[in-house]
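Everything below belongs to data.cif, which stores mmCIF, C-alpha atoms and all ligand atoms.
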```
data_protein
loop_
_atom_site.label_atom_id
_atom_site.label_comp_id
_atom_site.auth_asym_id
_atom_site.auth_seq_id
_atom_site.Cartn_x
_atom_site.Cartn_y
_atom_site.Cartn_z
CA MET A 919 50.67 55.96 14.60
CA ARG A 920 51.04 52.55 16.16
CA ILE A 921 53.34 49.72 17.16
CA VAL A 922 52.71 47.16 14.43
CA ASP A 923 54.80 44.29 15.81
CA ILE A 924 57.20 43.37 18.60
CA ARG A 925 59.65 40.56 17.90
CA GLU A 926 62.15 38.85 20.14
CA CYS A 927 64.82 36.21 19.74
CA ALA A 928 67.28 34.48 22.09
CA VAL A 929 70.95 34.82 21.19
CA PRO A 930 73.77 32.86 22.91
CA LEU A 931 76.53 34.96 24.50
CA LYS A 932 79.08 32.13 23.99
CA SER A 933 81.75 32.69 26.62
CA ASP A 934 84.11 30.46 28.62
CA ILE A 935 84.55 32.92 31.50
CA SER A 936 83.32 32.41 35.08
CA ASN A 937 82.61 34.51 38.14
CA SER A 938 82.70 33.16 41.71
CA SER A 939 79.38 31.37 41.32
CA PHE A 940 78.78 30.20 37.72
CA ASP A 941 80.18 30.01 34.19
CA PHE A 942 78.66 31.64 31.11
CA SER A 943 78.67 28.57 28.83
CA GLU A 944 74.83 28.51 28.57
CA MET A 945 74.24 32.29 28.82
CA THR A 946 71.75 33.80 26.40
CA THR A 947 70.07 37.18 26.00
CA SER A 948 66.76 38.30 24.51
CA VAL A 949 66.99 40.79 21.66
CA VAL A 950 63.80 42.80 21.11
CA ALA A 951 62.61 44.83 18.09
CA VAL A 952 59.64 47.22 18.49
CA ILE A 953 58.42 47.88 14.95
CA THR A 954 56.38 51.05 14.38
CA ASP A 955 54.58 52.55 11.39
CA VAL A 956 56.34 55.90 11.92
CA VAL A 957 58.62 56.71 9.00
CA ARG A 958 61.93 58.55 9.40
CA GLU A 959 64.37 58.96 6.50
CA GLY A 960 62.16 56.77 4.31
CA ARG A 961 62.04 53.75 6.66
CA PRO A 962 59.79 52.59 9.51
CA VAL A 963 61.26 53.39 12.93
CA VAL A 964 62.29 50.27 14.88
CA GLY A 965 63.35 50.39 18.53
CA PHE A 966 65.86 47.83 19.77
CA ALA A 967 67.15 46.54 23.10
CA PHE A 968 68.51 43.38 24.69
CA ASN A 969 68.22 42.14 28.25
CA SER A 970 71.69 43.27 29.34
CA THR A 971 74.08 40.67 30.77
CA GLY A 972 73.88 37.77 33.19
CA ARG A 973 70.17 36.88 33.00
CA TYR A 974 68.94 34.33 30.50
CA ALA A 975 66.67 35.13 27.55
CA CYS A 976 63.03 35.51 28.60
CA GLY A 977 61.06 35.31 25.35
CA ALA A 978 58.34 33.00 26.71
CA THR A 979 56.86 35.63 29.06
CA MET A 980 57.26 38.32 26.41
CA ARG A 981 55.31 36.24 23.87
CA ALA A 982 52.66 35.01 26.31
CA ARG A 983 51.83 38.27 28.11
CA PHE A 984 53.71 41.51 27.47
CA ILE A 985 53.84 41.69 23.66
CA PRO A 986 50.13 40.80 23.17
CA ARG A 987 49.09 43.43 25.76
CA ILE A 988 50.91 46.21 23.86
CA VAL A 989 49.98 45.11 20.34
CA GLY A 990 46.37 44.51 21.42
CA ALA A 991 45.93 47.90 23.13
CA ASP A 992 44.09 50.83 21.49
CA PRO A 993 47.01 52.51 19.64
CA ARG A 994 45.89 55.98 20.77
CA SER A 995 46.12 54.88 24.41
CA LEU A 996 49.89 54.38 24.01
CA LEU A 997 50.62 57.93 22.75
CA ASP A 998 51.86 60.90 24.78
CA ASP A 999 49.95 64.20 25.16
CA THR A 1000 51.35 65.60 21.88
CA GLN A 1001 49.99 62.51 20.03
CA GLU A 1002 53.26 62.64 18.07
CA ASN A 1003 55.20 60.01 19.98
CA PHE A 1004 54.73 56.91 22.13
CA ASP A 1005 54.51 57.25 25.92
CA PRO A 1006 56.80 54.71 27.67
CA GLU A 1007 54.97 55.24 30.98
CA LYS A 1008 51.63 54.24 29.43
CA ILE A 1009 53.25 51.27 27.68
CA LEU A 1010 54.76 50.12 30.98
CA ALA A 1011 51.32 50.38 32.60
CA VAL A 1012 49.78 48.26 29.82
CA MET A 1013 52.44 45.55 30.31
CA MET A 1014 51.69 45.55 34.08
CA LYS A 1015 47.97 44.94 33.60
CA ARG A 1016 46.74 41.84 35.44
CA GLU A 1017 50.17 41.33 37.11
CA LYS A 1018 50.20 40.33 40.79
CA SER A 1019 52.37 42.27 43.26
CA GLY A 1020 55.82 40.92 44.21
CA GLY A 1021 57.77 38.28 42.27
CA HIS A 1022 59.52 41.01 40.35
CA SER A 1023 62.29 39.02 38.68
CA GLU A 1024 59.73 36.73 37.04
CA ARG A 1025 58.78 39.63 34.73
CA SER A 1026 61.02 42.68 35.37
CA ILE A 1027 63.61 41.63 32.78
CA ALA A 1028 61.12 40.87 30.00
CA ILE A 1029 59.19 44.08 30.67
CA GLY A 1030 62.35 46.18 31.09
CA THR A 1031 63.86 44.98 27.83
CA ILE A 1032 60.71 45.77 25.84
CA GLU A 1033 60.41 49.14 27.63
CA VAL A 1034 63.99 50.14 26.76
CA ALA A 1035 63.37 49.17 23.11
CA VAL A 1036 60.30 51.46 23.21
CA TRP A 1037 62.57 54.30 24.42
CA ASP A 1038 64.95 53.63 21.49
CA ALA A 1039 61.97 54.11 19.14
CA VAL A 1040 60.75 57.20 21.03
CA ALA A 1041 64.18 58.85 20.78
CA LYS A 1042 64.46 57.99 17.08
CA ILE A 1043 60.99 59.47 16.42
CA ALA A 1044 62.09 62.61 18.31
CA GLY A 1045 65.30 62.65 16.23
CA LYS A 1046 67.49 62.73 19.34
CA PRO A 1047 70.06 60.48 21.01
CA LEU A 1048 68.45 58.73 23.98
CA HIS A 1049 70.85 60.33 26.48
CA ARG A 1050 69.73 63.79 25.32
CA LEU A 1051 66.03 62.90 25.55
CA LEU A 1052 66.54 61.45 29.06
CA ALA A 1053 68.51 64.54 30.15
CA GLU A 1054 65.60 66.75 29.07
CA ARG A 1055 63.03 64.65 30.93
CA TYR A 1056 64.94 63.52 33.98
CA ASN A 1057 67.99 65.78 34.50
CA ALA A 1058 66.73 69.35 33.91
CA GLY A 1059 68.25 69.38 30.42
CA THR A 1060 71.83 68.94 31.61
CA VAL A 1061 73.30 66.82 28.82
CA ALA A 1062 76.51 64.87 29.54
CA HIS A 1063 78.80 64.46 26.56
CA ARG A 1064 80.99 61.85 28.20
CA VAL A 1065 80.59 59.22 30.91
CA PHE A 1066 83.10 57.76 33.35
CA CYS A 1067 83.51 54.10 32.45
CA TYR A 1068 85.27 51.35 34.38
CA VAL A 1069 86.10 47.83 33.23
CA GLY A 1070 84.19 44.91 34.73
CA GLY A 1071 86.97 42.39 34.04
CA GLY A 1072 89.28 40.02 35.87
CA TRP A 1073 87.03 37.02 35.26
CA TYR A 1074 88.18 33.52 36.05
CA ALA A 1075 89.23 31.68 32.90
CA PRO A 1076 90.56 28.14 32.37
CA GLY A 1077 94.35 27.98 32.83
CA GLN A 1078 94.68 31.66 33.74
CA THR A 1079 97.93 32.73 35.47
CA LEU A 1080 98.61 35.84 37.59
CA LYS A 1081 100.61 37.18 34.65
CA ASP A 1082 97.61 36.70 32.33
CA LEU A 1083 95.48 38.69 34.76
CA GLN A 1084 98.04 41.49 35.04
CA ASP A 1085 98.35 41.60 31.24
CA GLU A 1086 94.56 41.88 30.94
CA MET A 1087 94.48 44.84 33.31
CA HIS A 1088 97.30 46.55 31.43
CA ARG A 1089 95.38 46.16 28.17
CA HIS A 1090 92.45 47.99 29.78
CA LEU A 1091 94.70 50.80 31.06
CA ASP A 1092 96.46 51.07 27.69
CA ALA A 1093 93.02 51.41 26.03
CA GLY A 1094 92.33 54.48 28.22
CA TYR A 1095 90.46 53.14 31.27
CA THR A 1096 91.53 54.36 34.73
CA MET A 1097 89.51 51.92 36.85
CA VAL A 1098 89.26 48.15 36.67
CA LYS A 1099 87.28 45.56 38.59
CA MET A 1100 88.08 41.89 39.11
CA LYS A 1101 86.23 38.84 40.38
CA VAL A 1102 86.81 37.35 43.83
CA GLY A 1103 85.30 34.35 45.57
CA GLY A 1104 86.08 31.74 42.90
CA LEU A 1105 89.24 30.47 44.62
CA PRO A 1106 90.25 29.91 48.25
CA LEU A 1107 90.72 33.20 50.14
CA VAL A 1108 94.54 33.06 50.20
CA GLU A 1109 94.75 32.56 46.43
CA ASP A 1110 92.12 35.21 45.77
CA VAL A 1111 93.98 37.78 47.89
CA ARG A 1112 97.19 36.90 46.05
CA ARG A 1113 95.33 37.58 42.81
CA VAL A 1114 94.05 40.97 44.01
CA GLU A 1115 97.49 41.95 45.34
CA ALA A 1116 99.12 40.96 42.04
CA VAL A 1117 96.78 43.28 40.14
CA LYS A 1118 97.11 46.04 42.73
CA ALA A 1119 100.92 45.85 42.52
CA THR A 1120 100.91 46.30 38.79
CA LEU A 1121 98.45 49.24 38.60
CA PRO A 1122 99.82 52.79 38.36
CA SER A 1123 99.07 55.02 41.36
CA HIS A 1124 96.26 56.94 39.60
CA ALA A 1125 94.31 53.78 38.71
CA GLN A 1126 91.52 52.39 40.91
CA LEU A 1127 90.63 48.76 41.58
CA ALA A 1128 87.33 47.22 42.71
CA VAL A 1129 86.41 43.58 43.39
CA ASP A 1130 83.15 41.68 42.76
CA ALA A 1131 82.12 38.57 44.73
CA ASN A 1132 78.86 37.99 42.80
CA SER A 1133 76.83 37.27 45.98
CA LYS A 1134 78.94 34.22 46.78
CA PHE A 1135 79.57 34.48 50.50
CA ALA A 1136 77.70 33.33 53.58
CA ARG A 1137 78.40 35.18 56.83
CA ALA A 1138 81.77 33.71 57.93
CA GLU A 1139 83.35 33.86 54.49
CA ALA A 1140 82.04 37.38 53.86
CA PHE A 1141 83.66 38.53 57.11
CA ALA A 1142 86.94 36.78 56.26
CA TYR A 1143 87.08 38.45 52.85
CA ALA A 1144 86.06 41.82 54.30
CA ASP A 1145 88.90 41.64 56.84
CA ALA A 1146 91.44 40.56 54.20
CA LEU A 1147 90.39 43.17 51.63
CA ALA A 1148 90.00 46.15 53.98
CA PRO A 1149 93.69 47.23 53.88
CA LEU A 1150 93.87 47.13 50.05
CA ARG A 1151 92.27 50.57 49.42
CA LEU A 1152 89.76 49.22 46.88
CA ARG A 1153 87.28 51.56 45.17
CA TRP A 1154 84.56 49.10 46.21
CA PHE A 1155 83.78 45.52 47.34
CA GLU A 1156 80.78 44.40 45.26
CA GLU A 1157 78.03 41.94 46.26
CA PRO A 1158 79.71 40.33 49.26
CA CYS A 1159 76.53 38.36 50.15
CA ASP A 1160 73.05 37.43 48.94
CA PRO A 1161 71.53 40.51 47.25
CA LEU A 1162 68.42 40.37 49.46
CA ASP A 1163 70.17 39.66 52.78
CA PHE A 1164 70.12 43.29 53.94
CA ALA A 1165 70.73 42.29 57.58
CA LEU A 1166 73.98 40.51 56.70
CA LEU A 1167 75.01 43.34 54.37
CA GLY A 1168 74.46 45.73 57.28
CA GLU A 1169 76.77 43.62 59.46
CA ILE A 1170 79.41 43.61 56.71
CA ALA A 1171 79.05 47.39 56.29
CA ALA A 1172 79.61 47.83 60.05
CA ARG A 1173 82.76 45.70 59.90
CA TYR A 1174 84.24 46.85 56.55
CA ALA A 1175 84.83 50.60 56.45
CA PRO A 1176 85.73 51.13 52.73
CA PRO A 1177 82.98 51.44 50.07
CA LEU A 1178 80.62 48.60 49.20
CA ALA A 1179 78.56 48.19 46.01
CA THR A 1180 75.46 46.18 45.15
CA GLY A 1181 72.10 46.42 43.39
CA GLU A 1182 72.49 44.66 40.01
CA ASN A 1183 70.31 41.82 41.34
CA LEU A 1184 67.52 44.00 42.72
CA PHE A 1185 64.54 44.36 40.40
CA SER A 1186 62.11 46.67 42.14
CA THR A 1187 62.19 50.18 43.58
CA GLN A 1188 60.99 48.77 46.91
CA ASP A 1189 63.90 46.33 47.12
CA VAL A 1190 66.34 49.19 46.48
CA GLU A 1191 64.60 51.27 49.16
CA ASN A 1192 64.93 48.37 51.61
CA LEU A 1193 68.63 48.15 50.67
CA VAL A 1194 69.31 51.78 51.62
CA ARG A 1195 67.09 51.64 54.72
CA PHE A 1196 68.32 48.35 56.16
CA GLY A 1197 71.53 47.31 54.31
CA GLY A 1198 73.96 49.64 56.05
CA LEU A 1199 74.99 51.40 52.84
CA ARG A 1200 75.73 55.11 53.02
CA ALA A 1201 76.38 57.63 50.30
CA GLN A 1202 78.79 59.48 52.61
CA ARG A 1203 81.35 56.70 52.41
CA ASN A 1204 81.10 56.39 48.61
CA ASP A 1205 78.98 53.24 48.51
CA VAL A 1206 77.62 52.48 45.03
CA ILE A 1207 74.22 51.23 43.76
CA GLN A 1208 74.21 49.30 40.48
CA VAL A 1209 70.57 48.71 39.42
CA ASP A 1210 70.41 47.55 35.78
CA PRO A 1211 67.39 49.31 34.17
CA PRO A 1212 66.62 46.84 31.32
CA GLN A 1213 66.46 44.09 33.98
CA ALA A 1214 64.39 46.13 36.44
CA TYR A 1215 61.26 47.21 34.52
CA GLY A 1216 63.08 49.75 32.33
CA ILE A 1217 63.75 53.47 32.33
CA VAL A 1218 60.44 54.87 33.66
CA GLN A 1219 60.81 52.66 36.75
CA TYR A 1220 64.50 53.58 37.02
CA ALA A 1221 63.48 57.27 37.20
CA ARG A 1222 61.19 56.34 40.11
CA THR A 1223 64.07 54.50 41.80
CA VAL A 1224 66.38 57.51 41.31
CA ALA A 1225 63.72 59.83 42.80
CA MET A 1226 63.30 57.48 45.79
CA LEU A 1227 67.08 57.38 46.34
CA GLU A 1228 67.26 61.19 46.17
CA ARG A 1229 64.58 61.36 48.89
CA HIS A 1230 66.91 59.20 51.02
CA GLY A 1231 69.82 61.58 50.37
CA TRP A 1232 71.64 59.59 47.72
CA PRO A 1233 73.35 61.66 44.99
CA ARG A 1234 73.20 60.43 41.39
CA SER A 1235 77.01 60.22 41.43
CA ALA A 1236 76.62 57.08 43.60
CA LEU A 1237 74.70 55.24 40.85
CA PHE A 1238 76.58 53.08 38.34
CA PRO A 1239 74.14 50.96 36.27
CA HIS A 1240 75.32 47.39 35.68
CA GLY A 1241 75.50 46.09 32.14
CA GLY A 1242 78.49 47.35 30.18
CA ASN A 1243 76.46 48.27 27.13
CA GLN A 1244 75.07 51.25 25.20
CA MET A 1245 71.77 51.19 27.12
CA ALA A 1246 73.56 51.66 30.46
CA LEU A 1247 75.81 54.30 28.89
CA ALA A 1248 72.88 56.36 27.55
CA ILE A 1249 71.07 56.05 30.90
CA ALA A 1250 74.18 57.07 32.90
CA ALA A 1251 74.63 60.11 30.64
CA GLY A 1252 70.95 61.01 30.53
CA PHE A 1253 70.36 60.88 34.28
CA GLY A 1254 73.79 62.36 35.12
CA LEU A 1255 74.98 59.27 37.06
CA GLY A 1256 78.43 58.45 38.46
CA GLY A 1257 79.41 56.22 35.57
CA ALA A 1258 78.90 52.96 33.73
CA GLU A 1259 80.56 49.59 33.36
CA SER A 1260 82.39 48.21 30.33
CA TYR A 1261 83.22 44.64 29.28
CA PRO A 1262 85.92 44.88 26.61
CA GLY A 1263 86.59 41.56 24.92
CA VAL A 1264 83.85 39.52 26.65
CA PHE A 1265 80.22 38.83 25.69
CA GLY A 1266 80.96 39.31 21.96
CA PRO A 1267 78.71 41.87 20.26
CA PHE A 1268 76.72 42.41 23.49
CA GLY A 1269 79.62 43.81 25.53
CA GLY A 1270 80.67 47.15 24.17
CA PHE A 1271 79.79 50.49 22.71
CA ALA A 1272 79.66 52.22 19.32
CA ASP A 1273 82.53 51.25 17.03
CA ASP A 1274 83.62 54.92 16.87
CA ALA A 1275 83.25 55.70 20.61
CA GLU A 1276 86.37 57.33 22.01
CA LEU A 1277 87.84 56.64 25.41
CA ASP A 1278 90.05 59.23 27.06
CA GLY A 1279 91.22 59.44 30.67
CA GLY A 1280 88.59 56.91 31.75
CA TYR A 1281 85.71 58.75 30.05
CA LEU A 1282 83.78 57.50 27.02
CA THR A 1283 82.45 60.11 24.60
CA LEU A 1284 78.86 59.72 23.47
CA THR A 1285 77.86 59.58 19.86
CA GLU A 1286 74.97 61.70 18.55
CA ARG A 1287 73.06 59.02 16.62
CA PRO A 1288 69.30 59.12 17.27
CA GLY A 1289 68.10 56.53 19.81
CA ILE A 1290 70.36 54.32 21.91
CA GLY A 1291 72.88 54.21 19.07
CA PHE A 1292 73.02 50.49 18.30
CA GLU A 1293 73.36 51.45 14.62
CA GLY A 1294 76.95 52.44 15.44
CA GLN A 1295 77.75 49.02 16.86
CA SER A 1296 78.03 46.99 13.68
CA ALA A 1297 78.16 43.38 14.97
CA LEU A 1298 75.23 43.87 17.35
CA TYR A 1299 73.21 45.89 14.87
CA ALA A 1300 73.51 43.10 12.29
CA ILE A 1301 71.69 40.76 14.74
CA MET A 1302 69.03 43.40 15.45
CA ARG A 1303 68.46 44.25 11.79
CA GLU A 1304 67.96 40.57 10.93
CA LEU A 1305 65.31 40.30 13.68
CA ALA A 1306 63.41 43.30 12.30
CA ALA A 1307 63.69 42.29 8.62
MG MG B 1401 78.69 42.51 39.60
#
```
So that I can check it, write out the structure of this file as C-alpha cells.
Amino acid sequence: MRIVDIRECAVPLKSDISNSSFDFSEMTTSVVAVITDVVREGRPVVGFAFNSTGRYACGATMRARFIPRIVGADPRSLLDDTQENFDPEKILAVMMKREKSGGHSERSIAIGTIEVAVWDAVAKIAGKPLHRLLAERYNAGTVAHRVFCYVGGGWYAPGQTLKDLQDEMHRHLDAGYTMVKMKVGGLPLVEDVRRVEAVKATLPSHAQLAVDANSKFARAEAFAYADALAPLRLRWFEEPCDPLDFALLGEIAARYAPPLATGENLFSTQDVENLVRFGGLRAQRNDVIQVDPPQAYGIVQYARTVAMLERHGWPRSALFPHGGNQMALAIAAGFGLGGAESYPGVFGPFGGFADDAELDGGYLTLTERPGIGFEGQSALYAIMRELAA
C-alpha cells in the first residue's frame, strides 16, 4: 500500500469581515488531498484537510519540499507496525527531514495540513471516525459523542450597528449556542466597550461572552482594555498582546484577574511551553490555550503539546483548538478537550460542520462517518472531490 499522489490547491475564503488588525478580503486556504491505493467500498481512499482559518494558502512549500519527500519515500517506511495502515508519526518525520530548527511558522502550516489529511486517510482505512481513532490512541479509549462549541463571531463589518451585533448574537443563541465571542480592538476603547456592553446586556443570564483582540495591543492599550473589561465577567479575554510577548502577557495576567486565552498563533510545542512557563497563564483561573493543530505541525505534534501541558499541570478541559471546523471538532472530541470554536455564516464552506450535525444546549453531536467527516459537509466536500478527481 502506498500514497500515490498528494495534491493541493488554494481556495479564496471571500469575506468582507475584519478583526482588530486586518480584513479577510485576500484570505485563502490550502486544500490538500492525500490519494492512496487502498480501496474501501470500491474506491481508493483519499484523505482531505485544509489549513484552517486565518493563515494564507501555502502550496509553494508543500510542492517544493513536503509532498516530494512523502511521495519519494520507500512506501513501506511510511506504514505502521501492522503494515495495514499509514503511520502519521513516520510521515511527519519524513516531512521534517533536512529542516532547520526554529522558524516554525514557515513550514508548520503546510506540514500540519498534509499531516491532518493523512489522519483522515488513516481513519478511513481503519473504518472509524477520526475522533474515535484519536480517543483510542490519545485518550484511553474514552470517546466523546458531543463537544462544547462556542461561536467565534462579533466581527467588524462595514456599516454594522449595535443592533446588528445584538441580532447576530441572538441568532447564535437561537441556533443552540450558549457562548459567544466578539472582536475588540478595532475601534477606540470607549466605542469598543459600548459594543461589549450592548452584547452583554442582551444575553440571557446563562449565556457566556468572551472577547478577542487578535494580538492588537501594545502595553498601554492592553492595560487600558484589561482595566475596562475586568468588571464585565467575561469568559475570557483573548490575545491581548503579541502572541510571543510572554513578558507583557505575564504583566497583563498580573493586572487582569479574570481568564485570559491565547495560543492560536503559536506553532511549536516549545513556544506553548514558554507560554505556560513565562506568560502568567494558570489553569486554576480558567485560562484557555487555543493551539490550532493543522497550523502547528498536525495531530502527532499536538499530542506532544498536550502531554507537555499535562506535565505542567494543565487539564485538557483548558484546551480549545482554534479553527471552527470539523478538524478541530474531531480533535477536541478525540483528545477530550474543553471544546471547539464555530464560525456560523462566515468563511463560506470552510466555516462549519457536517450538514446534519445537531446542536443542543451548546454541544454539537458528532457524526459517525469514517475519517474527519468532510463527506457530510456538502459544499466543502465538492471542492475536495474536484481536487482529487
Ligand atoms: Mg482568536
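Among A:Ile1249, A:Val1209, A:Leu1091, A:Ala1258, the residue with the shortest atom-to-atom distance to Asp1278 (chain A), counting all atoms listed in the file, is A:Leu1091.
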Self-check item: Residue with smallest distance to Gly1103 (chain A) - pool A:Lys1134, A:Arg973, A:Arg1229, A:Arg994, counting only C-alpha atoms
Solution: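 Among the listed residues, A:Lys1134 lies closest to Gly1103 (chain A).
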Exercise. Would you list the residues that come within 8 Å of ligand MG 1401 (chain B)? Count all atoms listed in the file and give the answer as a ChimeraX atom specification.
Key: /A:1070,1130-1132,1156-1157,1180,1182,1240
Practice problem: Fewer than 2 positions away in the same chain doesn't count, so skip those; otherwise give me all residues within 10 Å of Lys1101 (chain A), counting only C-alpha atoms, as a ChimeraX atom specification. | Solution: /A:936-938,1070-1074,1099,1103-1105,1110,1113-1114,1128-1132,1155-1156
Exercise. Please identify all polymer residues within 8 Å of Arg1234 (chain A), counting only C-alpha atoms, omitting same-chain residues fewer than 6 positions from it, and present them as a list in words.
Key: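 Listing them by chain and then by number gives Val1224, Glu1228, Phe1253, Gly1254, Leu1255 and Gly1256 of chain A.
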Quiz item: For Asp1210 (chain A), which residue out of A:Ala1175, A:Ala1093, A:Leu1184, A:Ala1300 is the nearest one, using all atoms listed in the file?
Solution: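 Nearest candidate to Asp1210 (chain A) out of A:Ala1175, A:Ala1093, A:Leu1184, A:Ala1300: A:Leu1184.
Using all atoms listed in the file, the shortest contact distance between Glu1017 (chain A) and any of A:His1124, A:His1088, A:Lys1046, A:Arg987 is found at A:Arg987.
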Practice problem: Mind giving me the straight-line distance from CA of Leu1284 (chain A) to CA of Ala1248 (chain A) in Å, one decimal? | Solution: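 Computing it gives 8.0 Å between the two atoms.
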Would you mind completing region 1226-1237 of chain A so that it carries N, CA, C and O atoms, and writing it out as a compact mmCIF listing (two decimals), in the coordinates of the input?
```
# COMPACT_ATOMS: atom_id res chain seq x y z
N MET A 1226 63.35 58.05 44.43
CA MET A 1226 63.30 57.48 45.79
C MET A 1226 64.66 57.62 46.47
O MET A 1226 64.76 58.03 47.64
N LEU A 1227 65.74 57.29 45.74
CA LEU A 1227 67.08 57.38 46.34
C LEU A 1227 67.41 58.83 46.70
O LEU A 1227 68.03 59.09 47.74
N GLU A 1228 67.00 59.77 45.86
CA GLU A 1228 67.26 61.19 46.17
C GLU A 1228 66.52 61.59 47.44
O GLU A 1228 67.05 62.36 48.25
N ARG A 1229 65.31 61.06 47.64
CA ARG A 1229 64.58 61.36 48.89
C ARG A 1229 65.33 60.83 50.11
O ARG A 1229 65.24 61.37 51.19
N HIS A 1230 66.12 59.75 49.91
CA HIS A 1230 66.91 59.20 51.02
C HIS A 1230 68.30 59.82 51.08
O HIS A 1230 69.17 59.31 51.80
N GLY A 1231 68.54 60.86 50.29
CA GLY A 1231 69.82 61.58 50.37
C GLY A 1231 70.94 61.02 49.53
O GLY A 1231 72.11 61.37 49.73
N TRP A 1232 70.59 60.15 48.58
CA TRP A 1232 71.64 59.59 47.72
C TRP A 1232 71.84 60.47 46.49
O TRP A 1232 70.89 60.73 45.74
N PRO A 1233 73.10 60.90 46.21
CA PRO A 1233 73.35 61.66 44.99
C PRO A 1233 73.42 60.73 43.77
O PRO A 1233 73.73 59.53 43.91
N ARG A 1234 73.12 61.25 42.62
CA ARG A 1234 73.20 60.43 41.39
C ARG A 1234 74.62 59.93 41.12
O ARG A 1234 74.81 58.93 40.43
N SER A 1235 75.62 60.64 41.65
CA SER A 1235 77.01 60.22 41.43
C SER A 1235 77.30 58.86 42.07
O SER A 1235 78.31 58.22 41.75
N ALA A 1236 76.42 58.38 42.97
CA ALA A 1236 76.62 57.08 43.60
C ALA A 1236 76.01 55.94 42.78
O ALA A 1236 76.10 54.78 43.18
N LEU A 1237 75.38 56.27 41.66
CA LEU A 1237 74.70 55.24 40.85
C LEU A 1237 75.53 54.89 39.62
O LEU A 1237 75.91 55.77 38.83
```
